[in-house]
>>> print(open('start_13.txt').read())   # compact mmCIF, C-alpha atoms
# COMPACT_ATOMS: atom_id res chain seq x y z
CA MET L 237 53.38 -17.16 -67.43
CA THR L 238 52.77 -14.92 -64.40
CA LEU L 239 52.74 -16.53 -60.96
CA LEU L 240 50.32 -15.12 -58.39
CA LEU L 241 50.90 -15.80 -54.69
CA LEU L 242 47.75 -15.96 -52.55
CA ARG L 243 48.40 -16.75 -48.89
CA GLY L 244 50.74 -19.59 -49.79
CA VAL L 245 48.62 -20.82 -52.69
CA ASP L 246 50.20 -20.69 -56.14
CA LEU L 247 47.77 -19.71 -58.88
CA PRO L 248 49.42 -19.59 -62.32
CA LEU L 249 47.84 -17.17 -64.74
CA GLU L 250 47.93 -18.40 -68.30
CA SER L 251 46.81 -17.05 -71.65
CA ARG L 252 44.92 -19.36 -73.98
CA SER L 253 43.62 -18.21 -77.34
CA GLY L 254 43.85 -14.60 -76.23
CA GLU L 255 41.81 -15.19 -73.05
CA GLU L 256 43.21 -15.25 -69.54
CA HIS L 257 42.59 -18.27 -67.34
CA ARG L 258 43.35 -18.86 -63.68
CA VAL L 259 44.31 -22.42 -62.82
CA GLY L 260 44.32 -23.74 -59.25
CA HIS L 261 46.64 -26.73 -58.95
CA LEU L 262 46.43 -29.58 -56.46
CA GLY L 263 48.73 -32.41 -57.43
CA ASP L 264 47.69 -33.44 -60.93
CA SER L 265 44.22 -31.88 -60.70
CA ALA L 266 43.33 -28.44 -62.03
CA VAL L 267 40.17 -26.52 -62.80
CA SER L 268 40.14 -23.53 -65.13
CA ALA L 269 37.87 -20.60 -65.87
CA ASP L 270 38.00 -17.01 -67.00
CA VAL L 271 39.42 -14.66 -64.40
CA VAL L 272 36.80 -13.14 -62.10
CA LYS L 273 38.01 -9.81 -60.71
CA GLY L 274 37.76 -9.85 -56.94
CA ALA L 275 37.34 -13.62 -56.58
CA VAL L 276 39.67 -16.59 -56.05
CA GLN L 277 39.31 -20.23 -56.98
CA LEU L 278 39.51 -22.80 -54.21
CA ASN L 279 40.09 -26.54 -54.33
CA SER L 280 40.13 -29.42 -51.89
CA GLY L 281 43.75 -28.91 -50.89
CA VAL L 282 43.44 -25.27 -49.82
CA PHE L 283 39.77 -24.79 -48.95
CA ASP L 284 40.02 -24.88 -45.15
CA LYS L 285 43.34 -22.99 -45.09
CA ILE L 286 41.82 -20.04 -46.94
CA VAL L 287 38.27 -20.01 -45.55
CA ASP L 288 39.41 -20.20 -41.91
CA LYS L 289 41.44 -16.99 -42.27
CA HIS L 290 38.51 -14.71 -43.11
CA LYS L 291 35.59 -13.32 -41.15
CA ALA L 292 33.23 -14.14 -44.01
CA VAL L 293 33.67 -16.11 -47.23
CA LEU L 294 31.04 -16.41 -49.94
CA VAL L 295 31.72 -19.55 -51.97
CA LYS L 296 30.02 -20.26 -55.26
CA PHE L 297 29.96 -23.98 -56.07
CA ASP L 298 29.53 -24.42 -59.79
CA GLU L 299 30.23 -26.58 -62.81
CA THR L 300 33.55 -26.29 -64.61
CA TYR L 301 33.88 -23.39 -67.05
CA PRO L 302 30.75 -21.53 -65.85
CA TYR L 303 29.27 -18.91 -68.15
CA GLY L 304 26.05 -17.03 -68.84
CA ASP L 305 23.86 -14.64 -66.87
CA LYS L 306 24.39 -16.34 -63.50
CA GLN L 307 28.16 -16.12 -63.91
CA ASP L 308 27.81 -12.46 -64.88
CA ALA L 309 25.89 -11.84 -61.64
CA PHE L 310 28.70 -13.53 -59.69
CA LYS L 311 31.26 -11.27 -61.37
CA LYS L 312 29.28 -8.19 -60.32
CA VAL L 313 29.15 -9.41 -56.72
CA ALA L 314 32.88 -10.15 -56.65
CA GLU L 315 33.85 -6.77 -58.04
CA ALA L 316 31.50 -4.91 -55.68
CA CYS L 317 33.05 -6.62 -52.66
CA ILE L 318 36.71 -5.90 -53.43
CA SER L 319 36.98 -3.03 -50.94
CA GLN L 320 35.51 -5.09 -48.05
CA SER L 321 38.66 -6.52 -46.46
CA ASP L 322 36.79 -8.86 -44.08
CA LEU L 323 35.03 -10.62 -46.95
CA LEU L 324 36.42 -13.08 -49.47
CA ILE L 325 34.55 -14.08 -52.62
CA ALA L 326 35.53 -17.50 -53.88
CA GLU L 327 34.54 -20.16 -56.38
CA VAL L 328 34.77 -23.94 -56.33
CA GLN L 329 34.33 -25.65 -59.67
CA VAL L 330 33.09 -29.22 -59.37
CA ALA L 331 33.88 -31.68 -62.16
CA ASP L 332 31.56 -34.63 -62.75
CA TYR L 333 34.00 -36.27 -65.17
CA GLY L 334 37.60 -37.51 -65.17
CA GLU L 335 39.15 -37.24 -61.72
CA LYS L 336 36.02 -35.40 -60.49
CA ASP L 337 37.92 -32.44 -59.10
CA ASN L 338 36.39 -30.94 -55.93
CA MET L 339 33.57 -33.47 -55.84
CA ASP L 340 34.63 -34.24 -52.26
CA LEU L 341 33.91 -30.61 -51.29
CA ALA L 342 30.48 -30.77 -52.91
CA GLU L 343 29.67 -33.94 -50.99
CA ARG L 344 31.04 -32.52 -47.74
CA PHE L 345 28.72 -29.50 -47.89
CA LYS L 346 25.81 -31.37 -49.50
CA VAL L 347 25.93 -29.28 -52.67
CA PRO L 348 23.83 -30.72 -55.52
CA THR L 349 26.01 -31.58 -58.50
CA ASN L 350 23.41 -31.78 -61.25
CA LYS L 351 23.93 -28.93 -63.69
CA ASP L 352 20.35 -27.65 -63.35
CA ALA L 353 21.06 -26.84 -59.68
CA HIS L 354 24.23 -24.82 -60.37
CA PRO L 355 25.38 -22.54 -58.91
CA THR L 356 25.02 -22.99 -55.14
CA TYR L 357 26.10 -20.13 -52.86
CA LEU L 358 27.29 -20.86 -49.31
CA LEU L 359 28.38 -18.16 -46.87
CA PHE L 360 30.98 -19.28 -44.33
CA LEU L 361 31.17 -17.16 -41.16
CA GLN L 362 33.74 -17.31 -38.39
CA GLY L 363 32.25 -18.71 -35.21
CA ARG L 364 29.54 -20.68 -36.99
CA ASP L 365 29.83 -24.42 -37.57
CA GLU L 366 27.68 -24.56 -40.70
CA PRO L 367 27.58 -22.27 -43.73
CA VAL L 368 24.46 -20.28 -44.61
CA LYS L 369 22.90 -21.17 -47.95
CA TYR L 370 21.64 -18.44 -50.28
CA GLU L 371 18.11 -19.28 -51.39
CA GLY L 372 17.41 -16.18 -53.50
CA ASP L 373 17.55 -15.30 -57.19
CA LYS L 374 20.96 -16.26 -58.58
CA LEU L 375 20.55 -13.81 -61.46
CA GLN L 376 20.30 -10.79 -59.14
CA ALA L 377 23.69 -9.56 -57.95
CA ASP L 378 22.11 -7.00 -55.61
CA ASP L 379 20.05 -9.72 -53.89
CA ILE L 380 23.21 -11.77 -53.32
CA LYS L 381 24.95 -8.72 -51.84
CA LYS L 382 21.98 -8.06 -49.54
CA PHE L 383 22.20 -11.67 -48.37
CA ILE L 384 25.89 -11.22 -47.51
CA MET L 385 25.18 -7.98 -45.64
CA LYS L 386 22.30 -9.44 -43.68
CA GLU L 387 24.10 -12.60 -42.60
CA SER L 388 27.59 -11.18 -42.03
CA GLY L 389 26.87 -7.63 -40.89
CA LEU L 390 29.53 -6.34 -43.31
CA TRP L 391 28.91 -3.22 -45.38
CA ILE L 392 28.78 -3.55 -49.16
CA GLY L 393 27.86 -0.62 -51.32
CA LEU L 394 24.51 -1.16 -53.05
CA PRO L 395 23.04 1.04 -55.79
CA GLY L 396 21.21 3.95 -54.18
CA CYS L 397 23.00 3.59 -50.84
CA LEU L 398 25.24 6.19 -49.20
CA GLU L 399 27.89 4.99 -46.77
CA GLN L 400 27.62 7.97 -44.41
CA PHE L 401 23.86 7.41 -44.11
CA ASP L 402 24.33 3.68 -43.62
CA VAL L 403 26.48 4.59 -40.61
CA LEU L 404 23.62 6.72 -39.27
CA VAL L 405 21.19 3.84 -39.73
CA LYS L 406 23.46 1.53 -37.75
CA GLN L 407 23.49 4.06 -34.91
CA PHE L 408 19.73 4.58 -35.25
CA PHE L 409 18.96 1.11 -33.84
CA LEU L 410 21.39 1.19 -30.92
CA PRO L 411 19.68 1.01 -27.50
CA SER L 412 21.21 4.35 -26.54
CA ALA L 413 20.25 6.09 -29.80
CA ASN L 414 18.71 9.55 -29.79
CA ARG L 415 16.66 9.11 -32.94
CA ASP L 416 15.57 12.73 -33.25
CA GLU L 417 19.19 13.83 -33.05
CA LEU L 418 20.25 11.28 -35.69
CA ILE L 419 17.46 12.37 -38.04
CA ALA L 420 18.54 16.00 -37.60
CA ARG L 421 22.14 14.99 -38.32
CA GLY L 422 21.00 13.25 -41.48
CA GLU L 423 19.14 16.34 -42.63
CA GLU L 424 22.28 18.42 -42.09
CA GLN L 425 24.39 15.92 -44.05
CA ALA L 426 21.85 15.95 -46.87
CA LYS L 427 22.33 19.71 -47.28
CA LEU L 428 26.01 19.12 -48.07
CA LEU L 429 25.27 16.79 -50.99
CA SER L 430 25.61 18.22 -54.49
CA LYS L 431 24.54 15.38 -56.79
CA ASP L 432 20.83 14.93 -57.47
CA VAL L 433 21.03 11.14 -57.18
CA GLU L 434 22.63 11.46 -53.72
CA LYS L 435 20.03 14.00 -52.63
CA THR L 436 17.28 11.60 -53.69
CA SER L 437 18.88 8.77 -51.71
CA SER L 438 19.40 10.89 -48.60
CA ASP L 439 15.73 11.91 -48.73
CA MET L 440 14.77 8.22 -48.73
CA TYR L 441 16.95 7.52 -45.69
CA ILE L 442 15.45 10.41 -43.74
CA LYS L 443 11.86 9.51 -44.63
CA ILE L 444 12.39 5.89 -43.57
CA MET L 445 14.01 6.95 -40.29
CA LYS L 446 11.06 9.21 -39.55
CA ARG L 447 8.55 6.45 -40.35
CA VAL L 448 10.40 3.98 -38.10
CA ALA L 449 10.44 6.56 -35.30
CA GLU L 450 6.72 7.08 -35.79
CA LYS L 451 5.47 3.54 -36.51
CA GLY L 452 8.11 1.30 -34.95
CA THR L 453 10.72 -1.06 -36.35
CA GLY L 454 8.07 -3.31 -37.88
CA PHE L 455 7.71 -0.68 -40.60
CA VAL L 456 10.96 -1.90 -42.20
CA ASP L 457 9.74 -5.43 -42.97
CA SER L 458 6.24 -4.31 -43.96
CA GLU L 459 7.64 -1.70 -46.36
CA ILE L 460 10.03 -4.22 -47.92
CA GLU L 461 7.12 -6.61 -48.44
CA ARG L 462 4.98 -3.85 -49.97
CA LEU L 463 7.68 -2.72 -52.39
CA GLU L 464 8.54 -6.29 -53.43
CA LYS L 465 4.92 -6.78 -54.44
CA LEU L 466 4.98 -3.55 -56.41
CA ARG L 467 8.22 -4.54 -58.14
CA SER L 468 6.70 -7.81 -59.33
CA GLY L 469 4.02 -5.92 -61.27
CA LYS L 470 4.15 -4.12 -64.60
CA LEU L 471 6.30 -1.02 -64.16
CA SER L 472 8.45 1.23 -66.31
CA ASP L 473 12.19 0.66 -66.19
CA LYS L 474 12.65 3.96 -64.38
CA LYS L 475 10.11 3.03 -61.70
CA LYS L 476 11.73 -0.38 -61.24
CA GLU L 477 15.09 1.31 -60.75
CA GLN L 478 13.61 3.67 -58.14
CA LEU L 479 12.02 0.76 -56.28
CA ALA L 480 15.29 -1.19 -56.42
CA ASP L 481 17.18 1.73 -54.87
CA ARG L 482 14.59 2.10 -52.12
CA LEU L 483 14.75 -1.64 -51.40
CA ASN L 484 18.53 -1.45 -51.21
CA ILE L 485 18.29 1.33 -48.64
CA LEU L 486 15.68 -0.64 -46.70
CA ALA L 487 18.07 -3.60 -46.75
CA THR L 488 20.53 -1.45 -44.78
CA PHE L 489 17.81 -0.78 -42.21
CA SER L 490 16.96 -4.49 -42.07
CA VAL L 491 20.59 -5.53 -41.57
CA SER L 492 21.20 -2.91 -38.87
CA LEU L 493 17.97 -3.85 -37.13
CA ALA L 494 18.87 -7.55 -37.14
CA GLN L 495 22.31 -6.80 -35.71
CA SER L 496 20.88 -4.68 -32.91
CA GLY L 497 18.34 -7.35 -31.96
CA LYS L 498 15.89 -4.52 -31.37
CA LYS L 499 12.52 -5.33 -32.87
CA ASP L 500 9.05 -4.23 -31.96
CA GLU L 501 5.62 -4.42 -33.51
CA LEU L 502 3.85 -1.94 -35.73
>>> encode(input="start_13.txt", output="structure tokens")
Amino acid sequence: MTLLLLRGVDLPLESRSGEEHRVGHLGDSAVSADVVKGAVQLNSGVFDKIVDKHKAVLVKFDETYPYGDKQDAFKKVAEACISQSDLLIAEVQVADYGEKDNMDLAERFKVPTNKDAHPTYLLFLQGRDEPVKYEGDKLQADDIKKFIMKESGLWIGLPGCLEQFDVLVKQFFLPSANRDELIARGEEQAKLLSKDVEKTSSDMYIKIMKRVAEKGTGFVDSEIERLEKLRSGKLSDKKKEQLADRLNILATFSVSLAQSGKKDEL
């Protein structure tokens, strides 16, 4: 048995039938599941101690031994967020049998415990009394990541996004921003890119910046709405992937715009 130490919380790692399980212990209670890379399990005894130490914590409340497509989406989110030191991804498994482990947490945060409602995502942010509930598609890892970015202001790499251009976008909405200068800087950075996929993404960033400069910040929301409608129609897999990348880039604009508080009309 290997003993993992997490901020004073002992999480034994056991092997059962060839599969690894992480077990969070609180007295005689324990909840088990397959190890999720980049995520920790919380229980009633350590919840506040862990959550209070982080700028942002995304907690997935779920049944015991979760599996399937929704759990796979959670795993993708957890792994994508590993490099973001201000963000913790966590899971609380709620048992509706036996000693009903963590049921008190579910009741505290008004999380539905019927299996059809699982999972429930709550984002806990420092300085806010109540968590923010995710109301989107629980099968879409990218949508969950966009939710985290929008509510927390933290950067998480999304498919199609380039970190150096996301930095430009953040500067683009500052009150003191020289937008023409930032667009020119983006065009110069784009020339240094060698991969076709990065060149395509940089072109999207620059086009969106130019449209915002021309039409106003309202272009961001209207373009997101337009592309979401297109994505819901019958499209080839390649076209859907292109739209998804563009929407991910637009999500960066939306997050930066919300943080700046600078919004005007079309």
>>> residues_around(input="start_13.txt", residues="Gly389 in chain L", least_positions_apart="3", cutoff="9 Å", atoms="all atoms listed in the file", output="count of residues only")
7
>>> closest_residue(input="start_13.txt", among="L:Gly497, L:Gly281, L:Gly274, L:Pro411", to="Asp340 in chain L", atoms="all atoms listed in the file")
L:Gly281
>>> atom_distance(input="start_13.txt", atom1="CA of Ala377 in chain L", atom2="CA of Leu341 in chain L")
24.3 Å
>>> residues_around(input="start_13.txt", residues="Asp416 in chain L", least_positions_apart="3", cutoff="12 Å", atoms="only C-alpha atoms", output="list in words")
Leu404, Gln407, Phe408, Ala413, Ile419, Ala420, Arg421, Gly422, Glu423, Ile442, Met445, Lys446, Arg447, Val448, Ala449 and Glu450 of chain L
>>> atom_distance(input="start_13.txt", atom1="CA of Glu464 in chain L", atom2="CA of Arg482 in chain L")
10.4 Å
>>> closest_residue(input="start_13.txt", among="L:Leu486, L:Phe297, L:Gln400, L:Ser319", to="Ala353 in chain L", atoms="all atoms listed in the file")
L:Phe297
>>> closest_residue(input="start_13.txt", among="L:Tyr303, L:Tyr441, L:Phe489, L:Trp391", to="Ser321 in chain L", atoms="all atoms listed in the file")
L:Trp391
